[in-house]
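Just input02.csv here, CSV, C-alpha atoms:
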chain,number,residue,atom,x,y,z
A,1,MET,CA,12.2,43.8,-48.6
A,2,ALA,CA,11.1,44.2,-52.2
A,3,ASP,CA,14.5,42.8,-53.3
A,4,ASP,CA,13.9,39.7,-51.1
A,5,LYS,CA,10.6,39.0,-52.9
A,6,LYS,CA,12.2,39.4,-56.3
A,7,LYS,CA,15.0,37.0,-55.3
A,8,THR,CA,12.5,34.4,-54.0
A,9,ALA,CA,10.3,34.8,-57.1
A,10,SER,CA,13.3,34.3,-59.4
A,11,PHE,CA,14.7,31.4,-57.3
A,12,MET,CA,11.4,29.5,-56.9
A,13,PRO,CA,8.9,30.9,-59.5
A,14,ASP,CA,6.2,28.2,-58.7
A,15,PHE,CA,6.4,28.6,-54.9
A,16,ASP,CA,3.0,29.5,-53.4
A,17,ILE,CA,3.0,29.7,-49.7
A,18,LYS,CA,-0.8,29.9,-49.4
A,19,LYS,CA,-1.2,26.8,-51.5
A,20,MET,CA,1.5,24.9,-49.5
A,21,MET,CA,-0.2,25.9,-46.1
A,22,GLY,CA,-3.6,25.0,-47.4
A,23,GLU,CA,-2.4,21.5,-48.4
A,24,MET,CA,-0.6,20.9,-45.1
A,25,LYS,CA,-2.4,18.4,-42.9
A,26,LEU,CA,-2.0,19.5,-39.3
A,27,PRO,CA,-3.3,17.4,-36.4
A,28,ALA,CA,-6.6,18.5,-35.1
A,29,ALA,CA,-6.5,20.4,-31.8
A,30,PRO,CA,-7.8,18.4,-28.9
A,31,ASP,CA,-11.1,19.4,-27.3
A,32,MET,CA,-9.7,21.6,-24.5
A,33,ASP,CA,-12.8,21.3,-22.4
A,34,ALA,CA,-12.5,17.5,-22.5
A,35,VAL,CA,-8.8,17.7,-21.7
A,36,MET,CA,-9.5,19.9,-18.7
A,37,ALA,CA,-12.3,17.7,-17.5
A,38,ALA,CA,-10.0,14.7,-17.7
A,39,HIS,CA,-7.3,16.5,-15.7
A,40,LYS,CA,-9.9,17.5,-13.1
A,41,ARG,CA,-11.0,13.8,-12.8
A,42,ASN,CA,-7.4,12.8,-12.5
A,43,LEU,CA,-6.9,15.2,-9.6
A,44,GLU,CA,-10.1,14.1,-8.0
A,45,ALA,CA,-9.0,10.4,-8.2
A,46,LEU,CA,-5.5,11.3,-6.8
A,47,THR,CA,-7.2,13.3,-3.9
A,48,GLU,CA,-9.5,10.4,-3.2
A,49,ALA,CA,-6.6,7.9,-3.2
A,50,ASN,CA,-4.6,10.2,-0.8
A,51,ARG,CA,-7.6,10.4,1.5
A,52,VAL,CA,-8.0,6.7,1.6
A,53,ALA,CA,-4.2,6.3,2.3
A,54,LEU,CA,-4.3,8.9,5.1
A,55,GLU,CA,-7.3,7.3,6.7
A,56,GLY,CA,-5.5,3.9,6.5
A,57,ALA,CA,-2.4,5.4,8.1
A,58,GLN,CA,-4.6,6.9,10.9
A,59,ALA,CA,-6.3,3.6,11.5
A,60,VAL,CA,-2.9,1.9,11.7
A,61,ALA,CA,-1.6,4.5,14.1
A,62,ARG,CA,-4.7,4.2,16.3
A,63,ARG,CA,-4.4,0.4,16.4
A,64,HIS,CA,-0.7,0.6,17.1
A,65,MET,CA,-1.5,2.8,20.1
A,66,GLU,CA,-4.1,0.4,21.3
A,67,ILE,CA,-1.7,-2.5,21.0
A,68,LEU,CA,1.0,-0.5,22.9
A,69,GLN,CA,-1.4,0.3,25.7
A,70,SER,CA,-2.6,-3.3,25.9
A,71,THR,CA,1.0,-4.5,26.0
A,72,MET,CA,2.0,-2.0,28.7
A,73,SER,CA,-1.0,-3.1,30.9
A,74,GLY,CA,-0.1,-6.7,30.3
A,75,LEU,CA,3.4,-6.0,31.2
A,76,THR,CA,2.3,-4.5,34.5
A,77,GLU,CA,0.2,-7.6,35.3
A,78,THR,CA,3.1,-9.8,34.4
A,79,LEU,CA,5.4,-8.0,36.7
A,80,LYS,CA,2.9,-8.3,39.5
A,81,GLU,CA,2.6,-12.1,38.9
A,82,MET,CA,6.3,-12.5,38.7
A,83,SER,CA,6.9,-10.7,42.0
A,84,THR,CA,4.8,-13.2,43.9
A,85,ALA,CA,6.7,-15.9,45.8
A,86,GLY,CA,7.0,-19.3,44.3
A,87,SER,CA,9.4,-22.1,43.8
A,88,PRO,CA,12.2,-21.5,41.2
A,89,SER,CA,10.9,-24.2,38.9
A,90,SER,CA,7.3,-22.7,38.9
A,91,ARG,CA,8.7,-19.2,38.3
A,92,ALA,CA,10.8,-20.5,35.4
A,93,ALA,CA,7.8,-22.3,33.9
A,94,LYS,CA,5.7,-19.1,34.4
A,95,GLN,CA,8.4,-17.0,32.7
A,96,ALA,CA,8.6,-19.4,29.7
A,97,GLU,CA,4.8,-19.3,29.4
A,98,LEU,CA,4.8,-15.5,29.5
A,99,LEU,CA,7.5,-15.3,26.9
A,100,LYS,CA,5.6,-17.6,24.6
A,101,GLN,CA,2.5,-15.5,25.0
A,102,ALA,CA,4.4,-12.3,24.4
A,103,TYR,CA,5.9,-13.7,21.2
A,104,GLU,CA,2.6,-15.0,19.9
A,105,ASN,CA,1.0,-11.6,20.7
A,106,ALA,CA,3.8,-9.7,18.9
A,107,VAL,CA,3.4,-11.9,15.8
A,108,ALA,CA,-0.4,-11.5,15.8
A,109,ASN,CA,-0.2,-7.8,16.3
A,110,THR,CA,2.4,-7.4,13.6
A,111,LYS,CA,0.2,-9.4,11.2
A,112,GLU,CA,-2.8,-7.4,12.1
A,113,LEU,CA,-1.0,-4.1,11.4
A,114,GLY,CA,0.4,-5.5,8.2
A,115,ASP,CA,-3.0,-6.5,7.0
A,116,LEU,CA,-4.4,-3.0,7.8
A,117,ILE,CA,-1.6,-1.4,5.8
A,118,GLN,CA,-2.1,-3.8,2.9
A,119,LYS,CA,-5.9,-3.1,2.9
A,120,SER,CA,-5.4,0.6,2.9
A,121,ASN,CA,-2.8,0.5,0.1
A,122,ALA,CA,-5.0,-1.8,-2.0
A,123,GLU,CA,-7.9,0.6,-1.6
A,124,ALA,CA,-5.8,3.6,-2.6
A,125,LEU,CA,-4.3,1.7,-5.6
A,126,GLN,CA,-7.7,0.6,-6.7
A,127,LYS,CA,-8.9,4.2,-6.9
A,128,LEU,CA,-5.9,5.1,-9.0
A,129,ASN,CA,-6.2,2.1,-11.2
A,130,ALA,CA,-9.9,2.8,-11.9
A,131,ARG,CA,-9.0,6.3,-13.0
A,132,VAL,CA,-6.2,5.2,-15.2
A,133,SER,CA,-8.5,2.8,-16.9
A,134,GLU,CA,-11.1,5.6,-17.4
A,135,ALA,CA,-8.4,7.9,-18.7
A,136,MET,CA,-7.2,5.4,-21.3
A,137,ALA,CA,-10.8,5.0,-22.5
A,138,GLU,CA,-11.1,8.8,-22.7
A,139,VAL,CA,-7.9,9.0,-24.8
A,140,LYS,CA,-9.2,6.3,-27.1
A,141,VAL,CA,-12.4,8.2,-27.6
A,142,LEU,CA,-10.6,11.5,-28.3
A,143,PHE,CA,-8.4,9.8,-31.0
A,144,GLU,CA,-11.4,8.1,-32.6
A,145,LYS,CA,-13.1,11.5,-33.1
A,146,LYS,CA,-10.3,12.7,-35.3
In structure tokens, how does this file's structure come out?
Amino acid sequence: MADDKKKTASFMPDFDIKKMMGEMKLPAAPDMDAVMAAHKRNLEALTEANRVALEGAQAVARRHMEILQSTMSGLTETLKEMSTAGSPSSRAAKQAELLKQAYENAVANTKELGDLIQKSNAEALQKLNARVSEAMAEVKVLFEKK
């Protein structure tokens, strides 16, 4: 060990490790409390966004079930109407009208469910976007302190 010091001293006589370390500019350590608080807010925002998305999915499932029940009761009524006697031309006209109604209902119901999904996704995304904006402002403040 003593030989190593002599070799270093003879190889680099002006080398002073203490001076070199003292002059070295190291980045300041971040405020760990601020970092942990930011991570906590990130998790809270993610949890809130997940809650909103789950509530939206539940609302879509409920509405889908209501539509299905309504469709089934409508189908029952349609079958009763179709079983009544009538002329072939009146039955064909009735079938065409029922098909048109079924198609219009399907389009309206699909649009309604799509709107519900879009609204839910927009709310969840808004929560995440708000937190990302806050986090960027927090990072800016942390770098300005240095």
Computed interatomic separation between atom CA of Glu144 of chain A and atom CA of Val35 of chain A (Å)
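Atom CA of Glu144 of chain A sits 14.8 Å away from atom CA of Val35 of chain A.
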Can you work out the spacing between atom CA of Ile117 of chain A and atom CA of Met65 of chain A in Å, to one decimal?
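One can read the atom CA of Ile117 of chain A to atom CA of Met65 of chain A distance as 14.9 Å.
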Using all atoms listed in the file, pick whichever of A:Glu55, A:Glu138, A:Glu112, A:Glu23 has the shortest atom-to-atom distance to Ala38 of chain A.
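Checking each candidate against Ala38 of chain A, we get A:Glu138 as the closest.
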Straight-line distance linking atom CA of Lys40 of chain A with atom CA of Met136 of chain A, stated in Å to one decimal
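Atom CA of Lys40 of chain A sits 14.9 Å away from atom CA of Met136 of chain A.
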All residues 12 Å or closer to His39 of chain A, all atoms listed in the file, same chain fewer than 2 positions away omitted, as JSON, numbers by chain:
{"A": [32, 33, 34, 35, 36, 37, 41, 42, 43, 44, 45, 46, 131, 132, 134, 135, 138, 139]}
If we count all atoms listed in the file, what is near Val52 of chain A at a cut-off of 9 Å, once residues fewer than 5 positions away on the same chain are taken out, given as a JSON list (two decimals) with C-alpha atoms, in the frame of the given file?
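Contents of result-v4.json, as written:
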[["chain", "number", "residue", "atom", "x", "y", "z"],
["A", 47, "THR", "CA", -7.20, 13.30, -3.90],
["A", 57, "ALA", "CA", -2.40, 5.40, 8.10],
["A", 120, "SER", "CA", -5.40, 0.60, 2.90],
["A", 121, "ASN", "CA", -2.80, 0.50, 0.10],
["A", 123, "GLU", "CA", -7.90, 0.60, -1.60],
["A", 124, "ALA", "CA", -5.80, 3.60, -2.60],
["A", 127, "LYS", "CA", -8.90, 4.20, -6.90]]
Minimum-distance residue to Glu81 of chain A, chosen among A:Val60, A:Leu113, A:Leu68, A:Leu98 (using only C-alpha atoms):
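For Glu81 of chain A, the nearest of the candidates is A:Leu98.
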Compare A:Leu54, A:Met20, A:Ile67, A:Leu128 by their minimum atom-to-atom distance to Asn109 of chain A, counting all atoms listed in the file, and give me the closest one.
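Answer, going by the shortest atom-to-atom distance: A:Ile67.
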Using only C-alpha atoms, find the one residue out of A:Asn129, A:Gln58, A:Glu48, A:Thr71 that sits nearest to Ala106 of chain A.
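The closest residue to Ala106 of chain A is A:Thr71.
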